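J.: I'd like to ask you about the structure that follows.
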2 protein chains.
Amino acid sequence: MLIRDVTEADWPHIWPFLRDICRAGETFSYPTDITEEQGRAFWLLSAPGRTVVAVDDAGTVLGTAKMNPNQMGNAAHVSSASFMVDPAHAGRGVGRALCRETLDWAAREGYRGMQFNAVVESNAPAVALYSSLGFRILGTVPDGFRHPHLGYVGLHIMFRPL
Amino acid sequence: MLIRDVTEADWPHIWPFLRDICRAGETFSYPTDITEEQGRAFWLLSAPGRTVVAVDDAGTVLGTAKMNPNQMGNAAHVSSASFMVDPAHAGRGVGRALCRETLDWAAREGYRGMQFNAVVESNAPAVALYSSLGFRILGTVPDGFRHPHLGYVGLHIMFRPL
């Protein structure tokens, strides 16, 4: 698996699974009726942000991550990141590899920490992955997310120093 | 004191104190070199957001608030808000009146809570005000804000249900 900067040519391979993940509405706070134009604007970041893809040896896009300052001004030294893995390629460590890449990027860029603002409590694999990489739950917005099947669940704010 | 929806004619009265508050860099995570165009884009919200001003009997702008969904999609039922009071009119209850207004708005609009994402720990008056209105600290980003005089201080995430 290779992780590299995204290119325009990757977008048609990202959009189908990004759209499906948003439509499912179980893990992201993007619009469930997200348009391709919105998806592109939300996901493909330019500096100081960055977007990458994870590809296999055949060049197939397995997943993607975006990373960026979490706030501006005098709070811009804390980064954030988001990850989407194509469900067809889940369970192969793609999410973990992407998360490590964003942490490496953030450390290299001089950020002092990474914060996730909205980790859905019921997304146990994500919470476990982030925890295993040194993140802790700073706090949980009670009923912060309306899961389409589970109803209202908490929304974690997670953080790790760098 | 009257609180009403902002108009284009209010902006020239908001910008000077908004700019000064941003330049001071002690309480907001906006760029300290914020431009007027950025300030306008950050502060003047259209639906589903809303921006208001507090004015005195003579029509002088004393302060302003903006309010909006804190996230999108299945997390859009939690609101957020920000407040700026002209330092020339501090200590008159303007911030409290603006905060009450945003809570009334959020309740009326059907939001289930209000979240502040970045309350600077050293901004004791703000923390005290929000606490007195029912907000609690969900968590604190360690060293999340670089105060120009105090150095790194925490950045609180605060929440209250509605």
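If you're wondering about the labels, chains in the structure tokens are A, B, ... by order shown, residues count from 1 in each chain, ligands from 1 in order shown.
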Using only C-alpha atoms, which chain B residues lie at most 7 Å away from chain A, written as number ranges by chain?
T.: B: 25, 29-32, 71-75, 78, 138-140, 144-147
J.: Which parts of chain A does DSSP call helix (DSSP H, G or I) when run on the backbone here, written out as a PyMOL selection string?
T.: chain A and resi 8-24+36-43+73-75+87-89+94-108+124-132
J.: Using only C-alpha atoms, which of the listed residues (A:Leu2, A:Met67, A:Ile14, A:Ala9) sits closest to Met84 of chain A?
T.: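 Among A:Leu2, A:Met67, A:Ile14, A:Ala9, it is A:Ile14 that comes nearest to Met84 of chain A.
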J.: Would you please give, as a ChimeraX atom specification, all residues of chain B that DSSP assigns to strand (DSSP E or B) based on the backbone?
T.: /B:2-5,50-55,61-69,78-85,113-120,136-147,151-161
J.: Can you pull out the residues contacting segment 16-18 of chain A? Cut-off 12 Å, using only C-alpha atoms, and skip same-chain residues under 6 positions away; I want them as a CSV table (one decimal) with N, CA, C and O atoms, in the first residue's frame.
T.:
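Result went into result_7.csv, see below:
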```
chain,number,residue,atom,x,y,z
A,10,ASP,N,-7.9,11.2,-9.2
A,10,ASP,CA,-8.3,10.2,-8.1
A,10,ASP,C,-9.8,10.5,-7.8
A,10,ASP,O,-10.5,9.6,-7.3
A,24,ALA,N,-25.1,6.8,4.0
A,24,ALA,CA,-25.4,5.9,5.1
A,24,ALA,C,-25.6,6.7,6.4
A,24,ALA,O,-26.5,6.3,7.2
A,25,GLY,N,-24.9,7.8,6.5
A,25,GLY,CA,-25.2,8.7,7.6
A,25,GLY,C,-24.9,8.2,9.0
A,25,GLY,O,-25.4,8.6,10.0
A,27,THR,N,-21.6,7.6,10.3
A,27,THR,CA,-20.2,7.9,10.8
A,27,THR,C,-19.7,9.4,10.6
A,27,THR,O,-18.8,9.8,11.2
A,28,PHE,N,-20.4,10.1,9.6
A,28,PHE,CA,-19.9,11.4,9.3
A,28,PHE,C,-21.0,12.4,9.5
A,28,PHE,O,-22.2,12.1,9.3
A,30,TYR,N,-21.4,14.9,7.5
A,30,TYR,CA,-21.7,15.6,6.2
A,30,TYR,C,-23.2,15.4,5.9
A,30,TYR,O,-23.8,14.5,6.4
A,31,PRO,N,-23.6,16.2,4.9
A,31,PRO,CA,-25.0,16.0,4.5
A,31,PRO,C,-25.2,14.6,4.0
A,31,PRO,O,-24.4,14.1,3.2
A,32,THR,N,-26.3,14.0,4.3
A,32,THR,CA,-26.6,12.6,3.8
A,32,THR,C,-27.0,12.7,2.3
A,32,THR,O,-26.9,11.7,1.6
A,33,ASP,N,-27.4,13.9,1.9
A,33,ASP,CA,-27.7,14.0,0.4
A,33,ASP,C,-26.6,14.9,-0.2
A,33,ASP,O,-26.8,15.7,-1.1
A,34,ILE,N,-25.4,14.6,0.2
A,34,ILE,CA,-24.2,15.4,-0.3
A,34,ILE,C,-24.2,15.3,-1.8
A,34,ILE,O,-24.4,14.3,-2.4
A,35,THR,N,-23.8,16.5,-2.4
A,35,THR,CA,-23.6,16.5,-3.9
A,35,THR,C,-22.2,16.3,-4.2
A,35,THR,O,-21.3,16.5,-3.3
A,36,GLU,N,-21.9,15.9,-5.4
A,36,GLU,CA,-20.5,15.7,-5.8
A,36,GLU,C,-19.7,17.0,-5.7
A,36,GLU,O,-18.5,17.0,-5.2
A,38,GLN,N,-20.2,19.4,-3.5
A,38,GLN,CA,-19.9,19.6,-2.0
A,38,GLN,C,-18.8,18.6,-1.6
A,38,GLN,O,-17.9,19.0,-0.8
A,39,GLY,N,-18.9,17.4,-2.0
A,39,GLY,CA,-18.0,16.4,-1.6
A,39,GLY,C,-16.6,16.8,-2.0
A,39,GLY,O,-15.6,16.7,-1.2
A,40,ARG,N,-16.4,17.3,-3.2
A,40,ARG,CA,-15.1,17.7,-3.7
A,40,ARG,C,-14.6,18.9,-2.8
A,40,ARG,O,-13.4,18.9,-2.5
A,42,PHE,N,-15.4,19.7,0.2
A,42,PHE,CA,-15.2,19.3,1.6
A,42,PHE,C,-13.9,18.5,1.7
A,42,PHE,O,-13.1,18.6,2.7
A,43,TRP,N,-13.6,17.7,0.7
A,43,TRP,CA,-12.6,16.7,0.8
A,43,TRP,C,-11.2,17.1,0.2
A,43,TRP,O,-10.2,16.7,0.8
A,44,LEU,N,-11.2,17.8,-0.9
A,44,LEU,CA,-10.0,18.0,-1.6
A,44,LEU,C,-9.4,19.4,-1.1
A,44,LEU,O,-9.8,20.4,-1.5
A,61,VAL,N,-7.6,2.9,-5.6
A,61,VAL,CA,-7.8,3.8,-4.4
A,61,VAL,C,-8.5,3.0,-3.3
A,61,VAL,O,-9.7,2.5,-3.6
A,62,LEU,N,-7.9,2.8,-2.2
A,62,LEU,CA,-8.4,2.0,-1.1
A,62,LEU,C,-9.1,2.9,-0.1
A,62,LEU,O,-10.0,2.5,0.6
A,63,GLY,N,-8.6,4.1,0.1
A,63,GLY,CA,-9.1,5.0,1.1
A,63,GLY,C,-8.5,6.4,0.9
A,63,GLY,O,-7.6,6.6,0.1
A,64,THR,N,-8.9,7.3,1.7
A,64,THR,CA,-8.4,8.7,1.6
A,64,THR,C,-8.4,9.4,2.9
A,64,THR,O,-9.2,9.0,3.8
A,65,ALA,N,-7.6,10.4,3.1
A,65,ALA,CA,-7.6,11.2,4.3
A,65,ALA,C,-7.4,12.6,4.0
A,65,ALA,O,-6.7,12.9,3.0
A,82,SER,N,-9.5,13.7,8.8
A,82,SER,CA,-10.7,12.8,8.6
A,82,SER,C,-10.3,11.7,7.6
A,82,SER,O,-9.4,11.9,6.8
A,83,PHE,N,-11.0,10.6,7.7
A,83,PHE,CA,-10.6,9.4,7.0
A,83,PHE,C,-11.8,8.7,6.4
A,83,PHE,O,-12.8,8.6,7.1
A,84,MET,N,-11.7,8.2,5.2
A,84,MET,CA,-12.7,7.4,4.6
A,84,MET,C,-12.0,6.3,3.9
A,84,MET,O,-11.1,6.5,3.0
A,85,VAL,N,-12.5,5.1,4.2
A,85,VAL,CA,-11.9,3.9,3.6
A,85,VAL,C,-13.1,3.2,2.7
A,85,VAL,O,-14.2,3.1,3.2
A,86,ASP,N,-12.8,2.9,1.5
A,86,ASP,CA,-13.7,2.2,0.7
A,86,ASP,C,-14.2,0.9,1.4
A,86,ASP,O,-13.3,0.0,1.7
A,87,PRO,N,-15.4,0.7,1.7
A,87,PRO,CA,-15.9,-0.5,2.4
A,87,PRO,C,-15.5,-1.8,1.7
A,87,PRO,O,-15.3,-2.8,2.3
A,88,ALA,N,-15.3,-1.7,0.4
A,88,ALA,CA,-14.8,-2.9,-0.4
A,88,ALA,C,-13.4,-3.3,0.0
A,88,ALA,O,-12.9,-4.4,-0.3
A,89,HIS,N,-12.7,-2.3,0.7
A,89,HIS,CA,-11.3,-2.6,1.1
A,89,HIS,C,-11.1,-2.5,2.6
A,89,HIS,O,-9.9,-2.2,3.0
A,90,ALA,N,-12.1,-2.6,3.3
A,90,ALA,CA,-12.0,-2.5,4.8
A,90,ALA,C,-11.3,-3.7,5.4
A,90,ALA,O,-11.2,-4.7,4.7
```
J.: Have a look at atom CA of Asp5 of chain A and atom CA of Gly110 of chain A and let me know their distance in Å, one decimal.
T.: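 If I compute the distance from atom CA of Asp5 of chain A to atom CA of Gly110 of chain A, I get 19.0 Å.
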J.: Calculate how many Å separate atom CA of Trp15 of chain B from atom CA of Thr60 of chain B, rounding to one decimal.
T.: 13.5 Å
J.: I'd like the interatomic distance between atom CA of Arg96 of chain B and atom CA of Pro48 of chain B, to a tenth of an Å.
T.: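 Distance reported for this atom pair: 22.6 Å.
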